[in-house]
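As stored in entry25.cif (mmCIF, N, CA, C and O atoms):
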```cif
data_work
#
loop_
_atom_site.label_atom_id
_atom_site.label_comp_id
_atom_site.auth_asym_id
_atom_site.auth_seq_id
_atom_site.Cartn_x
_atom_site.Cartn_y
_atom_site.Cartn_z
N MET A 20 98.61 10.03 75.91
CA MET A 20 98.69 9.22 77.10
C MET A 20 97.80 9.79 78.18
O MET A 20 97.15 9.05 78.88
N LEU A 21 97.78 11.12 78.33
CA LEU A 21 96.90 11.74 79.32
C LEU A 21 95.46 11.36 79.05
O LEU A 21 94.70 11.08 79.97
N LYS A 22 95.10 11.31 77.78
CA LYS A 22 93.74 10.92 77.40
C LYS A 22 93.45 9.50 77.89
O LYS A 22 92.36 9.22 78.39
N SER A 23 94.43 8.61 77.80
CA SER A 23 94.26 7.23 78.28
C SER A 23 94.00 7.21 79.78
O SER A 23 93.17 6.45 80.26
N ILE A 24 94.72 8.03 80.52
CA ILE A 24 94.56 8.05 81.96
C ILE A 24 93.18 8.61 82.33
O ILE A 24 92.49 8.08 83.19
N LEU A 25 92.79 9.68 81.66
CA LEU A 25 91.51 10.30 81.98
C LEU A 25 90.31 9.42 81.61
O LEU A 25 89.24 9.57 82.20
N ASN A 26 90.48 8.51 80.66
CA ASN A 26 89.38 7.66 80.23
C ASN A 26 89.27 6.35 81.02
O ASN A 26 88.40 5.53 80.74
N LEU A 27 90.13 6.12 82.01
CA LEU A 27 90.06 4.89 82.79
C LEU A 27 88.81 4.88 83.66
O LEU A 27 88.44 5.88 84.24
N LYS A 28 88.19 3.73 83.74
CA LYS A 28 86.98 3.58 84.56
C LYS A 28 87.12 2.32 85.41
O LYS A 28 87.69 1.33 84.99
N ASP A 29 86.60 2.38 86.62
CA ASP A 29 86.57 1.25 87.55
C ASP A 29 87.94 0.58 87.67
O ASP A 29 88.87 1.19 88.12
N THR A 30 88.05 -0.69 87.25
CA THR A 30 89.29 -1.43 87.47
C THR A 30 90.15 -1.55 86.21
O THR A 30 90.99 -2.41 86.12
N GLN A 31 89.95 -0.68 85.24
CA GLN A 31 90.79 -0.70 84.05
C GLN A 31 92.20 -0.29 84.42
O GLN A 31 92.41 0.45 85.38
N THR A 32 93.16 -0.77 83.66
CA THR A 32 94.56 -0.42 83.92
C THR A 32 95.20 0.15 82.65
O THR A 32 94.69 -0.04 81.55
N LEU A 33 96.31 0.81 82.85
CA LEU A 33 97.07 1.34 81.72
C LEU A 33 97.86 0.22 81.05
O LEU A 33 98.24 -0.75 81.70
N SER A 34 98.15 0.39 79.77
CA SER A 34 99.01 -0.57 79.08
C SER A 34 100.42 -0.45 79.66
O SER A 34 100.76 0.54 80.32
N LYS A 35 101.26 -1.46 79.41
CA LYS A 35 102.64 -1.42 79.92
C LYS A 35 103.38 -0.21 79.39
O LYS A 35 104.15 0.43 80.11
N GLU A 36 103.16 0.13 78.12
CA GLU A 36 103.84 1.28 77.52
C GLU A 36 103.39 2.59 78.19
O GLU A 36 104.21 3.45 78.49
N ALA A 37 102.10 2.72 78.45
CA ALA A 37 101.59 3.92 79.12
C ALA A 37 102.12 3.99 80.55
O ALA A 37 102.48 5.06 81.03
N GLN A 38 102.20 2.86 81.24
CA GLN A 38 102.72 2.84 82.60
C GLN A 38 104.19 3.25 82.62
O GLN A 38 104.62 4.00 83.48
N ARG A 39 104.98 2.77 81.65
CA ARG A 39 106.38 3.17 81.55
C ARG A 39 106.50 4.69 81.38
O ARG A 39 107.36 5.32 81.96
N SER A 40 105.61 5.24 80.59
CA SER A 40 105.63 6.68 80.34
C SER A 40 105.33 7.44 81.64
O SER A 40 105.97 8.45 81.93
N VAL A 41 104.39 6.97 82.43
CA VAL A 41 104.06 7.60 83.71
C VAL A 41 105.25 7.50 84.67
O VAL A 41 105.58 8.44 85.38
N ASN A 42 105.92 6.35 84.67
CA ASN A 42 107.04 6.13 85.58
C ASN A 42 108.32 6.84 85.13
O ASN A 42 109.32 6.79 85.83
N GLY A 43 108.31 7.44 83.96
CA GLY A 43 109.50 8.15 83.50
C GLY A 43 110.38 7.33 82.59
O GLY A 43 111.55 7.62 82.44
N GLY A 44 109.84 6.28 82.00
CA GLY A 44 110.62 5.48 81.06
C GLY A 44 111.12 4.20 81.69
O GLY A 44 110.91 3.92 82.86
N ALA A 45 111.83 3.42 80.88
CA ALA A 45 112.29 2.12 81.33
C ALA A 45 113.54 2.22 82.19
O ALA A 45 113.80 1.36 83.01
N VAL A 46 114.33 3.26 82.00
CA VAL A 46 115.60 3.39 82.72
C VAL A 46 115.45 4.45 83.81
O VAL A 46 115.00 5.55 83.54
N ARG A 47 115.80 4.09 85.00
CA ARG A 47 115.75 5.05 86.10
C ARG A 47 117.17 5.33 86.58
O ARG A 47 118.01 4.44 86.61
N ALA A 48 117.39 6.56 86.95
CA ALA A 48 118.71 6.93 87.47
C ALA A 48 118.92 6.26 88.82
O ALA A 48 117.99 6.10 89.60
N THR A 49 120.12 5.83 89.05
CA THR A 49 120.43 5.23 90.34
C THR A 49 121.50 6.07 91.03
O THR A 49 122.23 6.80 90.39
N CYS A 50 121.55 5.94 92.32
CA CYS A 50 122.57 6.67 93.08
C CYS A 50 122.95 5.81 94.28
O CYS A 50 122.18 4.97 94.72
N PRO A 51 124.12 6.04 94.82
CA PRO A 51 124.49 5.34 96.05
C PRO A 51 123.55 5.78 97.17
O PRO A 51 123.15 6.94 97.21
N THR A 52 123.17 4.87 98.03
CA THR A 52 122.25 5.23 99.11
C THR A 52 122.97 5.37 100.43
O THR A 52 123.93 4.66 100.71
N TYR A 53 122.51 6.32 101.21
CA TYR A 53 123.07 6.62 102.52
C TYR A 53 121.92 6.83 103.48
O TYR A 53 120.81 7.19 103.08
N SER A 54 122.18 6.63 104.76
CA SER A 54 121.14 6.90 105.76
C SER A 54 120.94 8.41 105.84
O SER A 54 121.86 9.18 105.54
N PRO A 55 119.76 8.85 106.26
CA PRO A 55 119.54 10.29 106.39
C PRO A 55 120.55 10.94 107.35
O PRO A 55 120.98 12.07 107.11
N GLN A 56 120.95 10.22 108.38
CA GLN A 56 121.90 10.77 109.34
C GLN A 56 123.27 10.99 108.70
O GLN A 56 123.90 12.03 108.91
N GLU A 57 123.72 10.01 107.91
CA GLU A 57 125.01 10.15 107.21
C GLU A 57 124.97 11.33 106.25
O GLU A 57 125.90 12.13 106.19
N CYS A 58 123.88 11.43 105.50
CA CYS A 58 123.74 12.48 104.51
C CYS A 58 123.77 13.86 105.19
O CYS A 58 124.51 14.74 104.78
N GLN A 59 122.98 14.02 106.24
CA GLN A 59 122.92 15.31 106.92
C GLN A 59 124.23 15.65 107.62
O GLN A 59 124.64 16.81 107.66
N ALA A 60 124.92 14.64 108.15
CA ALA A 60 126.20 14.88 108.82
C ALA A 60 127.24 15.44 107.86
O ALA A 60 128.14 16.17 108.27
N CYS A 61 127.10 15.12 106.58
CA CYS A 61 128.04 15.62 105.58
C CYS A 61 127.51 16.88 104.87
O CYS A 61 128.10 17.34 103.90
N GLY A 62 126.39 17.40 105.35
CA GLY A 62 125.85 18.65 104.79
C GLY A 62 124.93 18.46 103.61
O GLY A 62 124.65 19.40 102.89
N GLY A 63 124.43 17.25 103.41
CA GLY A 63 123.55 16.97 102.28
C GLY A 63 122.09 16.98 102.67
O GLY A 63 121.73 17.14 103.84
N TYR A 64 121.23 16.79 101.68
CA TYR A 64 119.78 16.72 101.89
C TYR A 64 119.32 15.33 101.49
O TYR A 64 119.38 14.96 100.32
N PRO A 65 118.85 14.52 102.46
CA PRO A 65 118.43 13.15 102.15
C PRO A 65 117.08 13.09 101.45
O PRO A 65 116.16 13.84 101.79
N LEU A 66 116.97 12.21 100.47
CA LEU A 66 115.72 11.97 99.77
C LEU A 66 115.11 10.67 100.27
O LEU A 66 115.82 9.80 100.77
N PRO A 67 113.79 10.49 100.14
CA PRO A 67 113.14 9.27 100.62
C PRO A 67 113.68 7.97 100.01
O PRO A 67 113.62 6.92 100.63
N ASN A 68 114.25 8.04 98.79
CA ASN A 68 114.76 6.82 98.14
C ASN A 68 116.18 6.48 98.56
O ASN A 68 116.78 5.55 98.07
N GLY A 69 116.78 7.26 99.50
CA GLY A 69 118.12 6.97 99.98
C GLY A 69 119.20 7.78 99.31
O GLY A 69 120.35 7.77 99.74
N CYS A 70 118.87 8.50 98.24
CA CYS A 70 119.85 9.36 97.58
C CYS A 70 120.12 10.56 98.47
O CYS A 70 119.31 10.94 99.29
N CYS A 71 121.28 11.15 98.28
CA CYS A 71 121.69 12.31 99.08
C CYS A 71 122.07 13.44 98.13
O CYS A 71 123.00 13.32 97.35
N LEU A 72 121.31 14.55 98.19
CA LEU A 72 121.63 15.71 97.38
C LEU A 72 122.66 16.55 98.11
O LEU A 72 122.51 16.81 99.30
N GLY A 73 123.68 16.95 97.41
CA GLY A 73 124.69 17.77 98.04
C GLY A 73 125.75 18.22 97.07
O GLY A 73 125.74 17.87 95.89
N THR A 74 126.68 18.96 97.59
CA THR A 74 127.77 19.49 96.79
C THR A 74 128.85 18.42 96.60
O THR A 74 128.76 17.31 97.15
N ARG A 75 129.86 18.77 95.87
CA ARG A 75 131.00 17.87 95.66
C ARG A 75 131.63 17.49 97.01
O ARG A 75 131.99 16.35 97.25
N GLU A 76 131.73 18.49 97.88
CA GLU A 76 132.30 18.25 99.21
C GLU A 76 131.44 17.28 100.02
O GLU A 76 131.96 16.45 100.76
N THR A 77 130.13 17.37 99.87
CA THR A 77 129.21 16.45 100.56
C THR A 77 129.51 15.02 100.14
O THR A 77 129.63 14.13 100.97
N HIS A 78 129.66 14.79 98.85
CA HIS A 78 129.88 13.44 98.35
C HIS A 78 131.29 12.94 98.65
O HIS A 78 131.49 11.74 98.86
N MET A 79 132.24 13.86 98.73
CA MET A 79 133.58 13.45 99.15
C MET A 79 133.54 13.00 100.61
O MET A 79 134.19 12.02 100.98
N CYS A 80 132.76 13.69 101.43
CA CYS A 80 132.61 13.32 102.84
C CYS A 80 131.95 11.94 102.96
O CYS A 80 132.38 11.10 103.74
N LEU A 81 130.91 11.70 102.15
CA LEU A 81 130.18 10.43 102.22
C LEU A 81 131.03 9.24 101.78
O LEU A 81 130.95 8.16 102.36
N THR A 82 131.81 9.44 100.74
CA THR A 82 132.60 8.33 100.19
C THR A 82 133.94 8.17 100.88
O THR A 82 134.58 7.12 100.78
N GLY A 83 134.41 9.22 101.54
CA GLY A 83 135.73 9.16 102.17
C GLY A 83 136.86 9.34 101.18
O GLY A 83 138.02 9.15 101.50
N ILE A 84 136.53 9.70 99.94
CA ILE A 84 137.54 9.92 98.90
C ILE A 84 137.77 11.40 98.76
O ILE A 84 136.88 12.16 98.36
N PHE A 85 138.95 11.85 99.12
CA PHE A 85 139.31 13.25 99.02
C PHE A 85 140.41 13.40 97.98
O PHE A 85 141.42 12.72 98.04
N GLU A 86 140.18 14.27 97.01
CA GLU A 86 141.14 14.45 95.93
C GLU A 86 142.22 15.42 96.30
O GLU A 86 142.08 16.37 96.94
#
```

Mind converting the file's structure to structure tokens?
Amino acid sequence: MLKSILNLKDTQTLSKEAQRSVNGGAVRATCPTYSPQECQACGGYPLPNGCCLGTRETHMCLTGIFE
């Protein structure tokens, strides 16, 4: 696949299969999205796609579900 990318010239494009490979496959992980302010207020790290990286406590804070 890398060979396909390196051999592209001008306006050539990758095949759909090669593009899927570049994008990481057909299935993408999804996550609940939160605003950066909500994420940071609960001690998480906001990502550009709206996901919030954090501990179990961070996600309990975001969802309001405490076990």

Considering only N, CA, C and O atoms, return as a PyMOL selection string whatever protein or nucleic-acid residues lie within 6 Å of Gly73 (chain A), sequence-local ones (same chain, fewer than 6 positions apart) excluded. chain A and resi 62-64

Could you state the separation of atom O of Ile84 (chain A) and atom C of Thr52 (chain A) in Å, given to one decimal place?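 Rounded to one decimal, the two atoms are 15.6 Å apart.
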
Just say which residues the PyMOL selection byres ((chain A and resi 61) around 7) picks in this file, as a ChimeraX atom specification. /A:55-60,62-63,73-74,76-78,80-81

One number please: CA of Gly83 (chain A) to CA of Pro51 (chain A), in Å, one decimal.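 That distance, rounded to one decimal, is 13.4 Å.
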
Using Å and a single decimal, report how far atom O of Gly69 (chain A) sits from atom N of Ser54 (chain A).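 Distance reported for this atom pair: 5.5 Å.
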